[in-house]
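Engineer: The structure is given below, and queries will be raised subsequently.
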Amino acid sequence: MSPPQSGNAGRWRLWSRAGSGRAATAALVCGLVGLAVGGGLGYRLGQGGQTAGVTAASGRFVHDAALAHAVYTPEQRHPVEVDARQADHLVAWLSKRLGTPLHAPQLAPLGYELLGGRLLAAGEGPVAQFMYQNAAGARLTLYVRRAAPAGVMPADTLTAFQVAREGDVEVFYWVEDGFGYALSGRVARPQLQAVAEAVYHQLTAPPAAASAP
C-alpha cells in the first residue's frame, strides 16, 4: 500500500503559508508558536501566522506530539516507561488502553532500534508513545491517539501526510482508520520522511507482513 497521497499530484501534501487575518486569528486560537510550513525544503518558522487548511484540532495534535517528544527524549536513565525487553507486554498494554491493536514498527533497517514506550494522556484520552534511537543517539518518537470523537484531526482535512515543525522538532503526521499518528524527531527532514513512510507501510500492512523482519 502506498503512503497517503495528495490528490492527483501523487505527492505528500505540504502546507503553504497563508497571510490572511483569519489565518492569523486561527493561529492565536491554536496557541502554536514556531509551526514551520512551506513547499519543498523551503520551510521557515511561523511568526504568529497560520497555514492554509490547518485546524485548531490538528494544530493541538502536532503541538502535543512535539511537546511529548521534547520532554521525554532527553532522558537518559528513564526515557521510557516500559523498555524494549518487554516489547510484547508494552504493545499489549498500550493496545488495551487505546482500544485498538497496536504494534511497534521495526525500524532497524533504517538504523533505529526500539527503546520502549509509555502511556500518556491527552484531552481526548490515552496516548501511546514509542521511542527509537540510532547508533548516534538520535531519537524518534511515534505518538498515537484516537482521532475521534470531539472532532480531533477530522479525516477530511488530513487525508495525506502533513509536515510541521515546532521549535527544532520536525513532525510528520497523518490519520488512518480513526487514529492519528505523529512521527517526531530532531533529524533532517528527508531522513524523517523516509522513516515516516516505513512506519506507514508497516502500520497498514497485513499482520503477517507487518511482523516480518
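Going through the C-alpha cells in order, the chains are called A, B, and so on, while each chain numbers its residues from 1 and the ligands are numbered from 1 in the order shown.
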Which residues of region 59-149 of chain A come within 10 Å of region 165-177 of chain A, and for each one, what is the closest pair of atoms and their distance in Å to one decimal, counting only C-alpha atoms, sorted by chain and residue number, as a Markdown table?
Structural biologist:
| residue | atom | partner | partner_atom | distance |
| --- | --- | --- | --- | --- |
| A:Phe61 | CA | A:Tyr173 | CA | 9.0 |
| A:Val62 | CA | A:Val171 | CA | 7.0 |
| A:His63 | CA | A:Glu166 | CA | 6.9 |
| A:Asp64 | CA | A:Glu166 | CA | 10.0 |
| A:Ala65 | CA | A:Val171 | CA | 7.9 |
| A:Ala66 | CA | A:Val169 | CA | 6.3 |
| A:Leu67 | CA | A:Glu166 | CA | 8.4 |
| A:His69 | CA | A:Val169 | CA | 8.1 |
| A:Ala70 | CA | A:Val169 | CA | 7.7 |
| A:Leu140 | CA | A:Glu170 | CA | 9.9 |
| A:Thr141 | CA | A:Val171 | CA | 9.6 |
| A:Leu142 | CA | A:Tyr173 | CA | 9.4 |
| A:Tyr143 | CA | A:Tyr173 | CA | 9.1 |
| A:Val144 | CA | A:Val175 | CA | 9.7 |
| A:Arg145 | CA | A:Val175 | CA | 9.7 |
| A:Arg146 | CA | A:Val175 | CA | 9.1 |
| A:Ala147 | CA | A:Val175 | CA | 7.2 |
Engineer: Go ahead and dump the residues you just picked, N, CA and C atoms, as a compact mmCIF listing (two decimals), in the first residue's frame.
Structural biologist:
# COMPACT_ATOMS: atom_id res chain seq x y z
N PHE A 61 -2.75 18.64 18.03
CA PHE A 61 -2.15 17.31 17.91
C PHE A 61 -0.66 17.42 17.65
N VAL A 62 -0.28 18.27 16.70
CA VAL A 62 1.14 18.48 16.39
C VAL A 62 1.87 18.99 17.62
N HIS A 63 1.29 19.97 18.27
CA HIS A 63 1.91 20.56 19.46
C HIS A 63 2.11 19.51 20.55
N ASP A 64 1.08 18.70 20.81
CA ASP A 64 1.17 17.68 21.86
C ASP A 64 2.24 16.64 21.53
N ALA A 65 2.29 16.22 20.25
CA ALA A 65 3.27 15.21 19.86
C ALA A 65 4.69 15.74 19.99
N ALA A 66 4.90 16.98 19.53
CA ALA A 66 6.24 17.59 19.62
C ALA A 66 6.64 17.83 21.07
N LEU A 67 5.68 18.26 21.88
CA LEU A 67 5.97 18.50 23.29
C LEU A 67 6.36 17.21 24.00
N HIS A 69 7.66 14.62 22.66
CA HIS A 69 9.00 14.26 22.17
C HIS A 69 10.06 15.06 22.92
N ALA A 70 9.84 16.37 23.02
CA ALA A 70 10.83 17.24 23.67
C ALA A 70 11.00 16.92 25.15
N LEU A 140 13.75 9.20 17.87
CA LEU A 140 12.47 9.50 17.22
C LEU A 140 11.36 8.98 18.13
N THR A 141 10.20 9.61 18.05
CA THR A 141 9.04 9.10 18.78
C THR A 141 7.84 8.99 17.85
N LEU A 142 7.09 7.92 18.04
CA LEU A 142 5.82 7.72 17.33
C LEU A 142 4.71 7.91 18.35
N TYR A 143 3.85 8.88 18.10
CA TYR A 143 2.78 9.29 19.01
C TYR A 143 1.46 8.88 18.38
N VAL A 144 0.65 8.10 19.11
CA VAL A 144 -0.58 7.54 18.55
C VAL A 144 -1.75 7.82 19.47
N ARG A 145 -2.83 8.37 18.92
CA ARG A 145 -4.04 8.53 19.71
C ARG A 145 -5.26 8.51 18.80
N ARG A 146 -6.40 8.25 19.42
CA ARG A 146 -7.65 8.19 18.67
C ARG A 146 -7.97 9.56 18.10
N ALA A 147 -8.41 9.60 16.84
CA ALA A 147 -8.69 10.86 16.17
C ALA A 147 -10.12 11.33 16.35
Engineer: Please list as a short mmCIF file (atom, residue, chain, number, x, y, z; two decimals) with N, CA and C atoms, in the first residue's frame every residue within 10 Å of Arg139 (chain A), counting only C-alpha atoms and excluding residues in the same chain fewer than 3 positions away.
Structural biologist:
data_model
loop_
_atom_site.label_atom_id
_atom_site.label_comp_id
_atom_site.auth_asym_id
_atom_site.auth_seq_id
_atom_site.Cartn_x
_atom_site.Cartn_y
_atom_site.Cartn_z
N HIS A 69 7.66 14.62 22.66
CA HIS A 69 9.00 14.26 22.17
C HIS A 69 10.06 15.06 22.92
N TYR A 72 10.47 13.86 26.77
CA TYR A 72 10.97 12.55 27.14
C TYR A 72 12.26 12.12 26.45
N THR A 73 12.55 12.62 25.25
CA THR A 73 13.76 12.14 24.56
C THR A 73 15.07 12.55 25.23
N PRO A 74 15.14 13.66 25.98
CA PRO A 74 16.43 13.96 26.62
C PRO A 74 16.78 13.04 27.79
N TYR A 112 17.32 2.51 13.31
CA TYR A 112 16.71 2.86 14.59
C TYR A 112 16.21 1.61 15.31
N GLU A 113 16.57 1.51 16.57
CA GLU A 113 16.13 0.40 17.41
C GLU A 113 15.10 0.90 18.42
N LEU A 114 14.13 0.04 18.73
CA LEU A 114 13.11 0.39 19.72
C LEU A 114 13.74 0.48 21.11
N LEU A 115 13.52 1.61 21.79
CA LEU A 115 13.92 1.74 23.20
C LEU A 115 12.81 1.27 24.13
N MET A 131 9.40 4.98 21.41
CA MET A 131 10.63 5.73 21.21
C MET A 131 11.69 4.84 20.57
N TYR A 132 12.45 5.44 19.64
CA TYR A 132 13.51 4.75 18.91
C TYR A 132 14.80 5.56 19.00
N GLN A 133 15.93 4.86 18.83
CA GLN A 133 17.23 5.53 18.89
C GLN A 133 18.18 4.90 17.88
N ASN A 134 19.02 5.74 17.25
CA ASN A 134 20.03 5.19 16.33
C ASN A 134 21.39 5.15 17.01
N ALA A 135 22.40 4.69 16.28
CA ALA A 135 23.73 4.49 16.86
C ALA A 135 24.36 5.80 17.30
N ALA A 136 23.94 6.91 16.69
CA ALA A 136 24.48 8.22 17.05
C ALA A 136 23.76 8.84 18.23
N SER A 184 7.99 12.18 15.28
CA SER A 184 8.72 13.41 15.61
C SER A 184 10.20 13.12 15.81
N GLY A 185 11.04 14.10 15.45
CA GLY A 185 12.46 13.95 15.68
C GLY A 185 13.24 15.21 15.38
N ARG A 186 14.41 15.30 15.97
CA ARG A 186 15.34 16.38 15.67
C ARG A 186 16.37 15.84 14.68
N VAL A 187 15.90 15.49 13.51
CA VAL A 187 16.75 14.95 12.45
C VAL A 187 16.39 15.66 11.15
#
Engineer: Of the candidates A:Gly137, A:Leu203, A:Val91, A:Ala57, which one gets nearest to Gln76 (chain A) if we count only C-alpha atoms?
Structural biologist: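 That would be A:Gly137, the residue with the smallest distance to Gln76 (chain A).
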Engineer: Please, which residues of region 76-151 of chain A, numbered as in this document, come out strand (DSSP E or B) from DSSP, as number ranges by chain?
Structural biologist: A: 82-83, 113-122, 125-133, 139-146
Engineer: Dump N, CA and C atoms for the selected residues as a tab-separated table (two decimals), in the first residue's frame?
Structural biologist:
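Dumped everything to selection_34.tsv:
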chain	number	residue	atom	x	y	z
A	82	VAL	N	8.21	1.47	29.77
A	82	VAL	CA	8.44	0.04	29.60
A	82	VAL	C	9.47	-0.11	28.49
A	83	ASP	N	10.58	-0.80	28.76
A	83	ASP	CA	11.64	-0.84	27.75
A	83	ASP	C	11.42	-1.97	26.74
A	113	GLU	N	16.57	1.51	16.57
A	113	GLU	CA	16.13	0.40	17.41
A	113	GLU	C	15.10	0.90	18.42
A	114	LEU	N	14.13	0.04	18.73
A	114	LEU	CA	13.11	0.39	19.72
A	114	LEU	C	13.74	0.48	21.11
A	115	LEU	N	13.52	1.61	21.79
A	115	LEU	CA	13.92	1.74	23.20
A	115	LEU	C	12.81	1.27	24.13
A	116	GLY	N	11.55	1.48	23.69
A	116	GLY	CA	10.39	1.13	24.51
A	116	GLY	C	9.29	2.15	24.29
A	117	GLY	N	8.46	2.34	25.29
A	117	GLY	CA	7.35	3.27	25.12
A	117	GLY	C	6.71	3.61	26.44
A	118	ARG	N	5.66	4.40	26.35
A	118	ARG	CA	4.95	4.81	27.56
A	118	ARG	C	3.51	5.18	27.21
A	119	LEU	N	2.69	5.23	28.26
A	119	LEU	CA	1.31	5.70	28.14
A	119	LEU	C	1.27	7.16	28.57
A	120	LEU	N	0.65	7.99	27.72
A	120	LEU	CA	0.49	9.41	28.01
A	120	LEU	C	-1.00	9.74	28.04
A	121	ALA	N	-1.31	10.94	28.44
A	121	ALA	CA	-2.70	11.41	28.44
A	121	ALA	C	-2.82	12.65	27.59
A	122	ALA	N	-3.93	12.76	26.87
A	122	ALA	CA	-4.27	13.97	26.13
A	122	ALA	C	-5.70	14.31	26.49
A	125	GLY	N	-8.12	11.57	25.65
A	125	GLY	CA	-7.95	10.22	26.14
A	125	GLY	C	-6.50	9.77	26.14
A	126	PRO	N	-6.29	8.44	26.19
A	126	PRO	CA	-4.93	7.90	26.30
A	126	PRO	C	-4.15	8.04	24.99
A	127	VAL	N	-2.83	8.09	25.14
A	127	VAL	CA	-1.91	8.22	24.01
A	127	VAL	C	-0.80	7.20	24.19
A	128	ALA	N	-0.39	6.56	23.10
A	128	ALA	CA	0.77	5.67	23.12
A	128	ALA	C	1.96	6.40	22.50
A	129	GLN	N	3.11	6.28	23.15
A	129	GLN	CA	4.34	6.83	22.58
A	129	GLN	C	5.39	5.73	22.52
A	130	PHE	N	5.91	5.48	21.31
A	130	PHE	CA	7.02	4.55	21.11
A	130	PHE	C	8.27	5.38	20.82
A	131	MET	N	9.40	4.98	21.41
A	131	MET	CA	10.63	5.73	21.21
A	131	MET	C	11.69	4.84	20.57
A	132	TYR	N	12.45	5.44	19.64
A	132	TYR	CA	13.51	4.75	18.91
A	132	TYR	C	14.80	5.56	19.00
A	133	GLN	N	15.93	4.86	18.83
A	133	GLN	CA	17.23	5.53	18.89
A	133	GLN	C	18.18	4.90	17.88
A	139	ARG	N	17.06	10.35	18.58
A	139	ARG	CA	15.83	9.65	18.97
A	139	ARG	C	14.62	10.15	18.18
A	140	LEU	N	13.75	9.20	17.87
A	140	LEU	CA	12.47	9.50	17.22
A	140	LEU	C	11.36	8.98	18.13
A	141	THR	N	10.20	9.61	18.05
A	141	THR	CA	9.04	9.10	18.78
A	141	THR	C	7.84	8.99	17.85
A	142	LEU	N	7.09	7.92	18.04
A	142	LEU	CA	5.82	7.72	17.33
A	142	LEU	C	4.71	7.91	18.35
A	143	TYR	N	3.85	8.88	18.10
A	143	TYR	CA	2.78	9.29	19.01
A	143	TYR	C	1.46	8.88	18.38
A	144	VAL	N	0.65	8.10	19.11
A	144	VAL	CA	-0.58	7.54	18.55
A	144	VAL	C	-1.75	7.82	19.47
A	145	ARG	N	-2.83	8.37	18.92
A	145	ARG	CA	-4.04	8.53	19.71
A	145	ARG	C	-5.26	8.51	18.80
A	146	ARG	N	-6.40	8.25	19.42
A	146	ARG	CA	-7.65	8.19	18.67
A	146	ARG	C	-7.97	9.56	18.10
Engineer: Just checking: using only C-alpha atoms, which residue out of A:Gly178, A:Gln202, A:Val71, A:Ser58 ends up closest to Thr100 (chain A)?
Structural biologist: A:Gly178
